[in-house]
Structure formats: structure tokens, C-alpha cells
Amino acid sequence: KAGVTQTPRYLIKTRGQQVTLSCSPISGHRSVSWYQQTPGQGLQFLFEYFSETQRNKGNFPGRFSGRQFSNSRSEMNVSTLELGDSALYLCASSTSDTYGYTFGSGTRLTVV
Amino acid sequence: GIQVEQSPPDLILQEGANSTLRCNFSDSVNNLQWFHQNPWGQLINLFYIPSGTKQNGRLSATTVATERYSLLYISSSQTTDSGVYFCAGKGGGADGLTFGKGTHLIIQP
């Protein structure tokens with residue numbers, strides 16, 4: 001059974017640009033959530049989608065957005081990139097919010 | 001949202017030693033997990049343990065939900081156990097998983 005797949009693994013962008021990250025959950029998992037990890041703030045929750053609907057949202061500015069498709073694949077978008085957006089972005093999938101989450105390998109974003 | 005406190009923040013042990021990592025929660029959680037983050041950044045799921053005790057090889061975990069804490073035990077440590085261990089929980093509100101700051105474990109040969 002394939003795990004959670006995130007693409008790309010590494011990304012370098014320039015300040016002011018936008019970026020889109022992709023996450024394919026484990027087959028059959030309908031919940032996809034996103035997290036940001038930085039040395040200063042640790043792991044922080046961005047948002048969670050379930051059956052194409054955003055169910056929960058963390059405390060991040062509107063520049064951070066996401067969506068989920070009918071096949072449960074999810075994308076997150078960051079517009080007008082700032083240096084502080086440099087981080088490891090992790091995606092997790094679950095069958096529902098009362099079961100454990102499985103994480104992907106992450107996308108390491110560097111903003112220069 | 002809930003607060004998650006992990007201790008100790010750093011732990012250096014010799015190979016073969018045993019260790020106990022602790023996680024305290026400020027409120028009840030209905031989803032509690034332990035993760036090991038590998039050098040490439042991936043969070044490896046160790047245990048999903050909202051209550052009770054589970055064991056997997058040299059690792060075991062116990063959660064006492066009524067007292068809002070969880071413990072991760074590592075026995076006969078190996079150098080490959082090195083890394084950062086996180087606990088995370090989900091409260092009753094509209095938040096996702098809340099993570100602790102992690103325990104950085106170093107196992108020396």
C-alpha cells in the first residue's frame with residue numbers, strides 16, 4: 001500500500017512568487033491535512049480537508065490556501081512568498097479525524 | 001487550543017540504555033500519537049494511543065488520559081533510534097494536531 005506522496009521534495013522560490021505543493025493521500029483516506037515546520041515555531045497546523053471541504057484552519061494568513069480534489073489529492077498554495085515562509089511543509093492523511101495520521105516525506109521550500 | 005509539553009528536550013544516552021520520554025497535555029485529547037522524525041524530515045508514526053498501553057518491539061507507550069499525559073519507552077537503545085521524537089494530540093475544538101516541541105535523542109555507540 002503506497003504511503004502519502006508529496007511533490008516536489010525540494011523547491012527554491014524567489015520572494016514575491018507563488019508556489020503550489022501537492023499531496024496524494026493513502027488510498028481510501030479522505031482526510032488530508034497540512035503542517036508547516038520551522039526551527040523557530042516547530043510544527044504548526046495549516047488546514048485540513050475532508051471530502052473536498054475545508055474542515056479546520058490554523059492561524060495562518062490568507063496567503064496560505066488549499067483545496068482537495070474528488071480523488072482526495074490535495075494542493076496547498078502560498079502566494080506572495082516571504083522569506084519567513086521557508087519551511088518544511090508536511091502533509092498527512094487519515095481515514096477520519098478520530099484515527100491516526102500518516103505523514104508524507106514533506107516538501108522543503110526555500111524562499112530567497 | 002491545547003498545549004503540549006514534552007520532556008526532556010534533549011537526551012544523550014549510550015547504546016543499550018533505556019529511556020522514557022514524557023508528554024503532558026493541557027486538556028483532554030481524542031487523538032494522541034507519537035512520531036519519530038527521520039533525518040530527511042519525515043514523521044514516522046510510532047503509536048496511535050489515545051489511552052492504554054501498546055508495544056512494538058523495543059518501543060512501548062502508555063497514555064493515562066484521565067491525567068492527560070503519555071509516556072514513550074525505548075529499551076536497549078540503538079544508534080538508529082537517534083532523532084527527534086514528537087507527541088501530538090487533537091483537542092475537541094476545530095484545530096488539527098498540536099505538536100510538542102520534541103525530544104532530541106542522541107544514542108552514542
# chains A, B, ... in the order shown; residues from 1 in each chain; ligands from 1
$ residues_around --residues "Gln18 of chain A" --least-positions-apart "2" --cutoff "9 Å" --atoms "only C-alpha atoms" --output "list in words"
Lys13, Thr14, Arg15, Gly16, Thr20, Asn77, Val78, Ser79, Thr80 and Leu81 of chain A
$ write_last_selection --atoms "all heavy atoms" --output "mmCIF file, in the first residue's frame"
data_model
loop_
_atom_site.group_PDB
_atom_site.id
_atom_site.type_symbol
_atom_site.label_atom_id
_atom_site.label_comp_id
_atom_site.auth_asym_id
_atom_site.auth_seq_id
_atom_site.Cartn_x
_atom_site.Cartn_y
_atom_site.Cartn_z
ATOM 1 N N LYS A 13 12.217 29.205 -4.362
ATOM 2 C CA LYS A 13 11.422 30.268 -4.987
ATOM 3 C C LYS A 13 11.966 31.623 -4.552
ATOM 4 O O LYS A 13 12.649 31.747 -3.528
ATOM 5 C CB LYS A 13 9.953 30.136 -4.558
ATOM 6 C CG LYS A 13 9.225 28.965 -5.186
ATOM 7 C CD LYS A 13 8.965 29.219 -6.653
ATOM 8 C CE LYS A 13 8.071 28.160 -7.250
ATOM 9 N NZ LYS A 13 7.772 28.422 -8.680
ATOM 10 N N THR A 14 11.596 32.621 -5.336
ATOM 11 C CA THR A 14 12.007 33.985 -5.043
ATOM 12 C C THR A 14 10.893 34.706 -4.296
ATOM 13 O O THR A 14 9.689 34.460 -4.562
ATOM 14 C CB THR A 14 12.336 34.730 -6.342
ATOM 15 O OG1 THR A 14 13.355 34.023 -7.048
ATOM 16 C CG2 THR A 14 12.805 36.146 -6.063
ATOM 17 N N ARG A 15 11.274 35.563 -3.396
ATOM 18 C CA ARG A 15 10.302 36.366 -2.639
ATOM 19 C C ARG A 15 9.321 37.044 -3.602
ATOM 20 O O ARG A 15 9.728 37.587 -4.634
ATOM 21 C CB ARG A 15 11.059 37.420 -1.830
ATOM 22 C CG ARG A 15 10.251 38.137 -0.791
ATOM 23 C CD ARG A 15 11.143 38.970 0.103
ATOM 24 N NE ARG A 15 12.169 39.694 -0.651
ATOM 25 C CZ ARG A 15 13.083 40.455 -0.091
ATOM 26 N NH1 ARG A 15 13.146 40.570 1.219
ATOM 27 N NH2 ARG A 15 13.966 41.085 -0.830
ATOM 28 N N GLY A 16 8.055 37.001 -3.268
ATOM 29 C CA GLY A 16 7.017 37.595 -4.099
ATOM 30 C C GLY A 16 6.335 36.621 -5.042
ATOM 31 O O GLY A 16 5.228 36.891 -5.526
ATOM 32 N N THR A 20 2.871 26.123 -5.468
ATOM 33 C CA THR A 20 1.838 25.116 -5.241
ATOM 34 C C THR A 20 2.496 23.795 -4.895
ATOM 35 O O THR A 20 3.391 23.340 -5.611
ATOM 36 C CB THR A 20 0.948 24.937 -6.483
ATOM 37 O OG1 THR A 20 0.302 26.184 -6.789
ATOM 38 C CG2 THR A 20 -0.109 23.875 -6.235
ATOM 39 N N ASN A 77 -1.359 26.203 -1.670
ATOM 40 C CA ASN A 77 -0.777 27.297 -2.417
ATOM 41 C C ASN A 77 -0.350 28.395 -1.453
ATOM 42 O O ASN A 77 -1.064 28.693 -0.480
ATOM 43 C CB ASN A 77 -1.795 27.849 -3.408
ATOM 44 C CG ASN A 77 -1.216 28.938 -4.282
ATOM 45 O OD1 ASN A 77 -0.498 28.674 -5.224
ATOM 46 N ND2 ASN A 77 -1.528 30.181 -3.950
ATOM 47 N N VAL A 78 0.819 28.950 -1.691
ATOM 48 C CA VAL A 78 1.255 30.111 -0.930
ATOM 49 C C VAL A 78 1.533 31.222 -1.933
ATOM 50 O O VAL A 78 2.350 31.047 -2.849
ATOM 51 C CB VAL A 78 2.517 29.833 -0.092
ATOM 52 C CG1 VAL A 78 2.814 31.028 0.815
ATOM 53 C CG2 VAL A 78 2.372 28.567 0.719
ATOM 54 N N SER A 79 0.850 32.331 -1.784
ATOM 55 C CA SER A 79 1.042 33.446 -2.703
ATOM 56 C C SER A 79 1.952 34.489 -2.061
ATOM 57 O O SER A 79 2.133 34.522 -0.832
ATOM 58 C CB SER A 79 -0.309 34.067 -3.062
ATOM 59 O OG SER A 79 -0.926 34.599 -1.908
ATOM 60 N N THR A 80 2.518 35.336 -2.882
ATOM 61 C CA THR A 80 3.374 36.437 -2.430
ATOM 62 C C THR A 80 4.349 35.951 -1.355
ATOM 63 O O THR A 80 4.323 36.376 -0.190
ATOM 64 C CB THR A 80 2.532 37.600 -1.879
ATOM 65 O OG1 THR A 80 1.386 37.818 -2.713
ATOM 66 C CG2 THR A 80 3.350 38.887 -1.867
ATOM 67 N N LEU A 81 5.202 35.034 -1.742
ATOM 68 C CA LEU A 81 6.111 34.385 -0.795
ATOM 69 C C LEU A 81 6.981 35.383 -0.048
ATOM 70 O O LEU A 81 7.448 36.386 -0.607
ATOM 71 C CB LEU A 81 6.998 33.387 -1.535
ATOM 72 C CG LEU A 81 6.327 32.081 -1.934
ATOM 73 C CD1 LEU A 81 7.182 31.344 -2.958
ATOM 74 C CD2 LEU A 81 6.064 31.219 -0.719
#
$ closest_atom_pairs --of "chain B" --to "chain A" --cutoff "6 Å" --atoms "only C-alpha atoms" --output "tab-separated table"
residue	atom	partner	partner_atom	distance
B:Gln42	CA	A:Ser105	CA	4.4
B:Leu43	CA	A:Phe103	CA	5.9
B:Tyr48	CA	A:Gly100	CA	5.6
B:Ala94	CA	A:Asn56	CA	5.5
B:Asp95	CA	A:Asn56	CA	5.9
B:Gly96	CA	A:Phe45	CA	5.8
$ select_by_dssp --residues "chain A" --states "strand (DSSP E or B)" --output "JSON, numbers by chain"
{"A": [5, 6, 7, 10, 11, 12, 13, 19, 20, 21, 22, 23, 24, 31, 32, 33, 34, 35, 36, 37, 38, 42, 43, 44, 45, 46, 47, 48, 49, 50, 53, 54, 55, 56, 57, 64, 65, 66, 67, 68, 74, 75, 76, 77, 78, 87, 88, 89, 90, 91, 92, 93, 94, 102, 103, 107, 108, 109, 110, 111]}
$ residues_around --residues "segment 24-35 of chain B" --least-positions-apart "2" --cutoff "6 Å" --atoms "only C-alpha atoms" --output "ChimeraX atom specification"
/B:2-5,43-50,68-69,85-91
$ write_last_selection --atoms "C-alpha atoms" --output "JSON list (two decimals), in the first residue's frame"
[["chain", "number", "residue", "atom", "x", "y", "z"],
["B", 2, "ILE", "CA", -4.46, 22.66, 23.75],
["B", 3, "GLN", "CA", -0.86, 22.98, 24.90],
["B", 4, "VAL", "CA", 1.60, 20.10, 24.62],
["B", 5, "GLU", "CA", 4.71, 19.91, 26.76],
["B", 43, "LEU", "CA", 7.41, 11.91, 10.58],
["B", 44, "ILE", "CA", 7.27, 8.18, 11.18],
["B", 45, "ASN", "CA", 4.19, 7.09, 13.08],
["B", 46, "LEU", "CA", 5.20, 5.11, 16.17],
["B", 47, "PHE", "CA", 1.95, 4.80, 18.09],
["B", 48, "TYR", "CA", -1.63, 5.96, 17.89],
["B", 49, "ILE", "CA", -2.50, 5.77, 21.58],
["B", 50, "PRO", "CA", -5.34, 7.94, 22.96],
["B", 68, "ARG", "CA", -3.51, 13.98, 30.48],
["B", 69, "TYR", "CA", -0.08, 12.51, 29.92],
["B", 85, "TYR", "CA", 10.54, 12.32, 18.95],
["B", 86, "PHE", "CA", 7.27, 14.23, 18.86],
["B", 87, "CYS", "CA", 3.97, 13.67, 20.55],
["B", 88, "ALA", "CA", 0.85, 15.28, 19.16],
["B", 89, "GLY", "CA", -2.78, 15.45, 20.12],
["B", 90, "LYS", "CA", -6.04, 16.77, 18.82],
["B", 91, "GLY", "CA", -8.43, 18.52, 21.17]]
$ residues_around --residues "Leu21 of chain B" --least-positions-apart "4" --cutoff "9 Å" --atoms "only C-alpha atoms" --output "number ranges by chain"
B: 6-8, 70-74, 85, 103
$ atom_distance --atom1 "atom CA of Pro25 of chain A" --atom2 "atom CA of Gly102 of chain B"
25.0 Å
$ closest_residue --among "A:Ser24, A:Thr110, A:Ser31, A:Thr7" --to "Gly84 of chain A" --atoms "only C-alpha atoms"
A:Thr110
$ closest_residue --among "A:Glu75, A:Leu83, A:Tyr49, A:Val4" --to "Arg30 of chain A" --atoms "only C-alpha atoms"
A:Tyr49
$ closest_residue --among "B:Gly41, B:Gly1, B:Pro9, B:Gly16" --to "Ala87 of chain A" --atoms "only C-alpha atoms"
B:Gly41
$ residues_around --residues "His29 of chain A" --least-positions-apart "3" --cutoff "9 Å" --atoms "only C-alpha atoms" --output "PDB file with C-alpha atoms, in the first residue's frame"
ATOM      1  CA  PRO A  25      -3.016  10.550   0.383  1.00  0.00           C
ATOM      2  CA  ILE A  26      -3.055   6.855   1.125  1.00  0.00           C
ATOM      3  CA  VAL A  32      -5.771  15.440   4.230  1.00  0.00           C
ATOM      4  CA  SER A  72      -8.729  13.132  -2.279  1.00  0.00           C
ATOM      5  CA  SER A  93      -3.762  11.674   5.606  1.00  0.00           C
ATOM      6  CA  SER A  94      -6.257   9.776   7.704  1.00  0.00           C
ATOM      7  CA  THR A  95      -9.463   7.827   7.299  1.00  0.00           C
ATOM      8  CA  SER A  96     -11.168  10.300   9.649  1.00  0.00           C
TER       9      SER A  96
END
$ select_by_dssp --residues "chain B" --states "helix (DSSP H, G or I)" --output "CSV table (one decimal) with C-alpha atoms, in the first residue's frame"
chain,number,residue,atom,x,y,z
B,65,ALA,CA,-6.0,10.0,29.5
B,66,THR,CA,-7.6,11.0,32.9
B,67,GLU,CA,-4.3,12.6,34.0
B,79,THR,CA,22.2,4.4,17.4
B,80,THR,CA,19.4,4.2,14.8
B,81,ASP,CA,17.0,5.4,17.5
$ atom_distance --atom1 "atom CA of Asn18 of chain B" --atom2 "atom CA of Ser51 of chain B"
22.4 Å
$ residues_around --residues "Leu11 of chain B" --least-positions-apart "6" --cutoff "9 Å" --atoms "only C-alpha atoms" --output "VMD selection string"
chain B and resid 19 103 to 107
$ write_last_selection --atoms "N, CA and C atoms" --output "CSV table (one decimal), in the first residue's frame"
chain,number,residue,atom,x,y,z
B,19,SER,N,15.2,4.5,28.0
B,19,SER,CA,14.8,5.9,28.1
B,19,SER,C,13.3,6.0,28.2
B,103,THR,N,11.5,15.8,21.7
B,103,THR,CA,12.7,15.4,22.5
B,103,THR,C,13.8,15.0,21.5
B,104,HIS,N,14.9,15.7,21.6
B,104,HIS,CA,16.1,15.3,20.7
B,104,HIS,C,16.9,14.3,21.4
B,105,LEU,N,16.8,13.0,20.8
B,105,LEU,CA,17.5,11.9,21.4
B,105,LEU,C,18.8,11.6,20.6
B,106,ILE,N,19.9,11.5,21.3
B,106,ILE,CA,21.2,11.1,20.7
B,106,ILE,C,21.6,9.8,21.4
B,107,ILE,N,21.8,8.7,20.6
B,107,ILE,CA,22.3,7.5,21.2
B,107,ILE,C,23.8,7.3,20.7
